[in-house]
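*Asks:* After the C-alpha cells below, expect a handful of questions from me.
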Amino acid sequence: MQTVQVIVDVPTMQTNRPYTYLVPERLTNQVEAGMRVIVPFGRGHREVQGFVVATGQTESAYQGALKELTALMDLTPVLNPEMLALSKWLADHTYAFWISCLYTMLPNLLKAKTKRLVRVIDEFDPQLQQSLFGEAATLDLAQVQTDPAAMHELVKLKRAGKVQIEYAVEDQARAKQVTALQATLDFEVYEELLATVPKNAKAQQRLLVYLQGLGEQKVPLKAARQQTGLSLATFRLGEQRGWLKKSLVEQLRTPMRQTKGADRPVTLNAEQTAAVTAIQAGIQAPTAPTFLLKGVTGSGKTEVYLRAMAAALANGQTALMLVPEIALTPQMVQRVRGRFGQQVAILHSGLSNGERYDEWRRIQRQEVQVVVGTRSAIFAPLPKLGLIVIDEEHENSYKQEDAPRYHAREVAKWRAQYHHAAVVLGSATPSLESYARAKTGNYHLLTLTHRVNQQPLPPVTVVDMRQEPRQGGESNFSRALLAAVQARLAKGEQSILLLNRRGFSSFMMCRDCGYVLKCPNCDISLTLHLATQNMKCHYCGFEAPIPQRCPHCASRQIRYYGTGTEKVEAELKHRLPAARVIRMDVDTTRRKGQHAKLLQAFGQHQADILLGTQMIAKGLDFPNVTLVGVLNADTGLDLPDFRAGERTFDLLAQVSGRAGRADKAGQVFIQTYNPDNYVIQLAQAGNYEAFFGAEMQLRKQAQYPPYFYTVRLMVAHPEEKAAAKVIHQLARRLQGHLAPETVVLGPTPRAIARIKNQYYYQIVIKYRHDPALHQLLTELQHEIQRDRQLHFAIDPDPQYFM
DNA sequence: AGCACGCCGACT
DNA sequence: GTCGGCGTGCTC
C-alpha cells in the first residue's frame with residue numbers, strides 16, 4: 001500500500017518530524033508531495049492538518065500500526081519541490097519547527113482552522129442537556145472553554161461516555177465568487193431576435209447587441225452593467241427569455257490595481273550602464289552571483305533594478321524584488337507597476353488575508369513574472385527565477401524577529417543558488433557584513449557615485465548641545481535649530497524634525513525618594529502619555545493613571561523626565577505657536593493606513609513641521625522640505641549593542657541625503673552631546689568609507705560580525721530560578737564542545753529581565769568557524785524540553801542583543 | 001498542542 | 001473506598 005510522509009500541524013519539538021500514513025485506496029495516485037492533508041493524530045478521534053513532504057517511502061522504522069490519512073485538502077500541491085526543499089533548509093538553519101516554516105512560506109488562509117465539537121451520544125439529565133446545549137445538536141468547544149462551570153460538566157460527561165468530541169479541520173481558503181453572464185445563442189439567432197423585439201424596447205435591443213458581441217466569454221455582471229448602462233431588470237429579463245445564462249466565476253481580490261500611468265525607462269549614465277551590464281551577465285550565467293549595488297540617495301539605483309528585472313524577463317525568467325516596508329515606499333511600487341504593468345504581483349502586510357491569498361495564487365498559476373513585496377515575499381513561488389533584488393539591504397526589517405528567525409538575504413541566496421539566479425543587494429549605506437563581503441570579492445561590487453540630478457548633498461551642521469544655555473529649563477531645541485525652523489516658516493517652506501527615540505522614554509520619578517513608577521509585570525519604567533493622560537508599559541500594554549503623589553513616600557514632588565514626541569510637540573506649540581505640526585510615532589500611526597495618510601497630508605503642505613521617530617526617515621521625499629533636524633542624534637549610541645553605531649550612522653546618512661530634493665537647497669542639523677564621536681563626525685561628512693574602516697576595526701577588536709558570526713540562546717520562564725537554572729545548564733553543556741576560537745558571552749539576564757511576567761536569560765556565542773556548533777545546538781534543543789512553562793529559542797545572527 | 005494514563009490528597 | 005488534582009509521556 002502507498003504511504004506518505006506528513007508533517008503535522010503540532011508545533012512542538014517532539015513532533016517535529018515526518019509521520020508515515022497509509023494512503024487509502026480511493027486516494028491512490030492522487031496524493032502528491034506538497035499537498036495539504038487531514039490526518040488522524042494522537043489518541044481519540046483528533047484530526048489535524050498536515051503537509052505531505054514525501055510520497056512512496058515505505059521504509060519506516062515505526063513498529064506500530066500505520067493510520068490512513070483522512071482527506072486531501074488540495075487538488076494540486078501548494079508547495080512545489082523548490083519550496084519543500086527550502087522549508088526543510090529553513091527549519092534546519094533557523095532551529096524552527098518544520099511546520100512553522102511551511103506556514104511562513106504560504107498565505108495565512110492556507111492554515112486550516114480546527115474545530116472541536118461536542119456531541120451527545122447517550123442520554124443524560126435533560127435539564128443539564130438543555131442548559132448546556134439548548135436545542136443544538138453540537139457545541140463548539142472553543143466557545144465553552146471560557147466558561148469553567150460548563151467545562152467542568154462536559155469533562156464529567158465525557159468521562160461517563162455521554163458525549164464525544166468530534167474534530168473538524170476547516171480550510172479557510174476561499175476564492176471570491178461573483179455572478180457572471182454568458183451569451184447562450186449564436187450570432188445569427190441574436191440577429192433574428194433583434195428584428196422581432198419592439199422598436200421602442202431600447203434596453204432589450206442594447207442587451208441583444210451586447211450579447212451578440214460577447215462570443216464565448218463570461219463577463220462579471222457588475223462589469224456588464226457598467227459597460228452597457230443597463231439595469232439589473234433588463235439582465236433578468238434576458239435570463240428569463242434564455243438569451244443569456246448566469247453562473248458563478250472566481251474573482252481575484254487584487255489591491256491597488258490602478259496604475260498611475262506608464263513608467264518610461266530613463267537614460268542611463270556610464271556607471272548605471274556598467275552595473276546593468278554586469279547584472280545581466282550574472283542573470284545569464286549558470287551561477288548564482290551576488291551583486292552589491294552601492295549608491296548614494298538619488299544616484300539612480302531604482303533604474304538599475306528595473307533594467308535588470310527587464311533583462312531577466314527578456315531572458316524568459318522571472319524577477320523578485322524586496323523592499324523594507326511597502327507603506328513607506330509607495331513610489332517604488334508605483335514605478336515597478338508602471339514599468340511592468342499587469343505582470344506584477346504585490347505582497348505586503350497591509351493586504352487582507354483574502355487579497356494576499358489571491359496575489360499568491362496569481363504567482364502560483366504563473367500569471368505574473370514580477371513580484372514586489374516585503375520580507376516574506378522572498379517565498380513567492382515564482383518559477384524560473386532569474387533575479388532577486390533587495391533594496392535597502394541594510395534594513396533590519398529583513399530579519400524576522402520571531403520563529404522562524406530567518407534573514408531574507410540568506411533565503412534569497414539559497415533561492416538564487418537553486419535557480420542559478422542573480423542577487424542584487426542595493427544600499428547607500430550597506431551593512432558591514434555585505435560591504436566586507438564585497439571587498440573580499442565574495443560579492444561583486446557595483447558603485448554609483450553620481451547623483452542623477454547633479455544636486456550636491458545638503459550641508460550638515462552638528463550642534464553641540466553641551467554649549468546650549470540651560471536657564472529656564474532644558475529645551476529640546478538648540479538656538480540654531482530653532483532659528484532655522486523659524487526661517488523656514490517665514491519662507492513657507494517645510495521642516496522635518498526627527499526624535500531618535502530608540503532606547504529612550506519619558507518616565508515618572510519622585511524627587512524626594514527617587515521612586516520610579518514601574519510596570520508590575522515587566523522590569524521597566526512606565527512611559528507617560530499626555531494624549532491619553534496615563535502611564536503605559538511599552539512592552540505589555542499595562543496602563544495606570546498618572547499618580548498625583550509618590551506611591552512610595554506620598555510626596556507631591558513627582559515629575560517626569562526624558563523626552564517623548566508629545567513633549568517635543570508641546571514645546572513646539574509653546575515656542576512657535578503659528579506652526580502647524582504633524583506628529584508621527586507609534587501612537588499616531590497605529591491604525592492601518594494612518595501612516596500614509598499623515599505623510600500625504602504633509603506632502604500637500606497641510607503642516608509646516610513633521611515631527612516623528614525614526615519611522616519618518618523613510619518617508620522623506622518632499623520637494624518643499626528644506627530643513628531636517630535630528631533632535632538627539634546620540635541616544636542610540638550608548639545602547640549595549642554592537643550595532644548601535646552602525647544604526648545611528650545609517651539613520652543620519654539617510655536623513656542627510658534627503659533634505660532639499662528638488663531645486664531648493666537643503667540644510668541638515670544634527671543635535672548631539674557627543675560632537676566628537678566618530679559616528680556623528682563621519683555621518684556629518686557623509687563618509688561611509690571612513691565609517692566602514694573605523695567600525696570594522698572595532699568589530700575586529702571586539703570579535704563581532706563581520707569577523708565573527710553570532711548565535712543567541714534565549715530562555716524564558718515565569719520562575720526566575722527555573723530560567724536561571726536552565727541557562728546555566730546550557731552554558732555547562734556548551735563547555736568543551738566548542739572550537740578554541742569560539743567565545744561564549746553570558747549567561748546573563750536580558751537588559752530588561754522581566755517582560756510579561758517572564759524572566760529572560762540569554763547566552764551569545766561568537767564563532768568564526770565551528771563546524772560542530774550547529775549539530776550541538778540542534779541536540780541541545782531536543783534535550784531541553786522538560787518543563788512546559790519554559791520557552792527556549794535559538795536565534796542565528798540576531799539583530800538586537802538587548 | 002491535546003489527550004490519556006497514573007499516582008496521591010479530600011470528600012462520600 | 002472514589003473523585004479529581006495535575007505531573008508525564010506519546011502521537012504514524
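All residue names refer to the C-alpha cells as shown: chains lettered A, B, ... in order, residues numbered from 1 in each chain, ligands numbered from 1 in order.
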Give me the residues of chain C that have any atom at most 12 Å from an atom of chain A; for each, the nearest atom pair and the distance in Å, rounded to one decimal. Use only C-alpha atoms (C1' of nucleotides), sort by chain and number, and format it as CSV.
*Replies:*
```
residue,atom,partner,partner_atom,distance
C:DC3,C1',A:Lys156,CA,10.4
C:DG4,C1',A:Lys156,CA,10.1
C:DG7,C1',A:Asp787,CA,10.1
C:DT8,C1',A:Arg786,CA,9.7
C:DG9,C1',A:Gln14,CA,10.6
C:DC10,C1',A:Gly42,CA,7.7
C:DT11,C1',A:Gly42,CA,4.1
C:DC12,C1',A:Tyr19,CA,4.6
```
*Asks:* Per residue of chain A within 12 Å of chain B, record the nearest atom pair and its distance in Å to one decimal, counting only C-alpha atoms (C1' of nucleotides), with rows in chain order and ascending residue number, as JSON lines.
*Replies:*
```
{"residue": "A:Val8", "atom": "CA", "partner": "B:DA1", "partner_atom": "C1'", "distance": 11.1}
{"residue": "A:Asp9", "atom": "CA", "partner": "B:DA1", "partner_atom": "C1'", "distance": 9.0}
{"residue": "A:Val10", "atom": "CA", "partner": "B:DA1", "partner_atom": "C1'", "distance": 6.0}
{"residue": "A:Pro11", "atom": "CA", "partner": "B:DA1", "partner_atom": "C1'", "distance": 7.3}
{"residue": "A:Thr12", "atom": "CA", "partner": "B:DA1", "partner_atom": "C1'", "distance": 7.7}
{"residue": "A:Met13", "atom": "CA", "partner": "B:DA1", "partner_atom": "C1'", "distance": 11.1}
{"residue": "A:Gln14", "atom": "CA", "partner": "B:DA1", "partner_atom": "C1'", "distance": 11.0}
{"residue": "A:Thr15", "atom": "CA", "partner": "B:DA1", "partner_atom": "C1'", "distance": 10.1}
{"residue": "A:Phe41", "atom": "CA", "partner": "B:DG2", "partner_atom": "C1'", "distance": 10.0}
{"residue": "A:Gly42", "atom": "CA", "partner": "B:DC3", "partner_atom": "C1'", "distance": 7.5}
{"residue": "A:Arg43", "atom": "CA", "partner": "B:DC3", "partner_atom": "C1'", "distance": 6.6}
{"residue": "A:Gly44", "atom": "CA", "partner": "B:DC3", "partner_atom": "C1'", "distance": 7.6}
{"residue": "A:His45", "atom": "CA", "partner": "B:DC3", "partner_atom": "C1'", "distance": 10.2}
{"residue": "A:Arg46", "atom": "CA", "partner": "B:DG2", "partner_atom": "C1'", "distance": 8.6}
{"residue": "A:Glu47", "atom": "CA", "partner": "B:DG2", "partner_atom": "C1'", "distance": 10.9}
{"residue": "A:Val48", "atom": "CA", "partner": "B:DA1", "partner_atom": "C1'", "distance": 10.6}
{"residue": "A:Thr114", "atom": "CA", "partner": "B:DA1", "partner_atom": "C1'", "distance": 11.7}
{"residue": "A:Arg116", "atom": "CA", "partner": "B:DG2", "partner_atom": "C1'", "distance": 11.3}
{"residue": "A:Arg159", "atom": "CA", "partner": "B:DA4", "partner_atom": "C1'", "distance": 11.3}
{"residue": "A:Ile165", "atom": "CA", "partner": "B:DC3", "partner_atom": "C1'", "distance": 11.5}
{"residue": "A:Arg788", "atom": "CA", "partner": "B:DA1", "partner_atom": "C1'", "distance": 11.2}
```
*Asks:* Rank A:Ala96, A:Leu244, A:Leu154, A:Val37 by their smallest atom-to-atom distance to A:Tyr406, using only C-alpha atoms, and report the top residue only.
*Replies:* A:Ala96
*Asks:* So which bits of stretch 489-703 of chain A end up helix (DSSP H, G or I) when you DSSP the backbone, as number ranges by chain?
*Replies:* A: 489-491, 565-575, 594-603, 614-619, 644-656, 678-685, 688-702
*Asks:* Any idea what's packed within 12 Å of A:Lys115, counting only C-alpha atoms (C1' of nucleotides), ignoring anything in its chain fewer than 4 positions away? Could you give it as a list in words?
*Replies:*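 Result of the neighbour search: Arg46, Glu47, Val48, Gln49, Thr138, Leu139, Asp140, Leu141, Ala142, Gln143, Ile165, Glu166, Tyr167, Ala168, Val169, Glu170, Asp171 and Gln172 of chain A.
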*Asks:* Return as an MDAnalysis selection string the full set of residues in stretch 559-754 of chain A whose backbone-based DSSP assignment is strand (DSSP E).
*Replies:* chainID A and resid 559:561 581:584 609:612 625:630 667:672 709:717 743:754
*Asks:* Can those selected residues be exported to a file as an mmCIF file, in the first residue's frame so that it contains C-alpha atoms?
*Replies:*
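Full text of again_30.cif as output:
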```
data_model
loop_
_atom_site.group_PDB
_atom_site.id
_atom_site.type_symbol
_atom_site.label_atom_id
_atom_site.label_comp_id
_atom_site.auth_asym_id
_atom_site.auth_seq_id
_atom_site.Cartn_x
_atom_site.Cartn_y
_atom_site.Cartn_z
ATOM 1 C CA ARG A 559 7.735 64.861 37.893
ATOM 2 C CA TYR A 560 8.609 63.266 34.598
ATOM 3 C CA TYR A 561 11.946 63.022 32.891
ATOM 4 C CA VAL A 581 2.733 70.315 13.327
ATOM 5 C CA ILE A 582 2.064 66.711 12.307
ATOM 6 C CA ARG A 583 3.286 64.230 14.867
ATOM 7 C CA MET A 584 4.157 60.737 13.743
ATOM 8 C CA ILE A 609 6.627 70.641 10.537
ATOM 9 C CA LEU A 610 6.678 66.869 10.503
ATOM 10 C CA LEU A 611 7.770 65.630 13.906
ATOM 11 C CA GLY A 612 8.414 61.958 14.451
ATOM 12 C CA VAL A 625 11.254 70.257 2.709
ATOM 13 C CA THR A 626 14.458 72.254 3.021
ATOM 14 C CA LEU A 627 15.326 71.571 6.631
ATOM 15 C CA VAL A 628 15.879 68.358 8.507
ATOM 16 C CA GLY A 629 16.712 68.426 12.202
ATOM 17 C CA VAL A 630 17.771 65.452 14.290
ATOM 18 C CA GLN A 667 20.097 72.075 5.256
ATOM 19 C CA VAL A 668 20.570 69.472 7.977
ATOM 20 C CA PHE A 669 21.055 69.996 11.724
ATOM 21 C CA ILE A 670 22.247 67.227 13.989
ATOM 22 C CA GLN A 671 21.968 67.954 17.711
ATOM 23 C CA THR A 672 24.246 65.900 19.902
ATOM 24 C CA TYR A 709 29.221 35.016 13.497
ATOM 25 C CA THR A 710 26.812 35.213 16.424
ATOM 26 C CA VAL A 711 24.059 32.967 17.775
ATOM 27 C CA ARG A 712 21.837 33.815 20.682
ATOM 28 C CA LEU A 713 20.269 31.260 23.022
ATOM 29 C CA MET A 714 17.251 32.543 24.927
ATOM 30 C CA VAL A 715 15.415 31.074 27.864
ATOM 31 C CA ALA A 716 12.218 32.409 29.415
ATOM 32 C CA HIS A 717 10.297 31.138 32.417
ATOM 33 C CA VAL A 743 33.578 32.753 22.606
ATOM 34 C CA VAL A 744 30.618 32.333 24.949
ATOM 35 C CA LEU A 745 29.089 35.513 26.418
ATOM 36 C CA GLY A 746 26.937 35.002 29.466
ATOM 37 C CA PRO A 747 24.722 33.612 30.702
ATOM 38 C CA THR A 748 23.183 36.974 31.536
ATOM 39 C CA PRO A 749 19.708 38.209 32.321
ATOM 40 C CA ARG A 750 18.467 40.281 29.421
ATOM 41 C CA ALA A 751 18.686 44.081 29.721
ATOM 42 C CA ILE A 752 15.029 44.023 30.604
ATOM 43 C CA ALA A 753 14.978 40.888 32.672
ATOM 44 C CA ARG A 754 11.243 40.557 33.077
#
```
*Asks:* Report, in Å to a single decimal, how far apart atom CA of A:Gly514 and atom CA of A:Glu569 are.
*Replies:* 27.0 Å
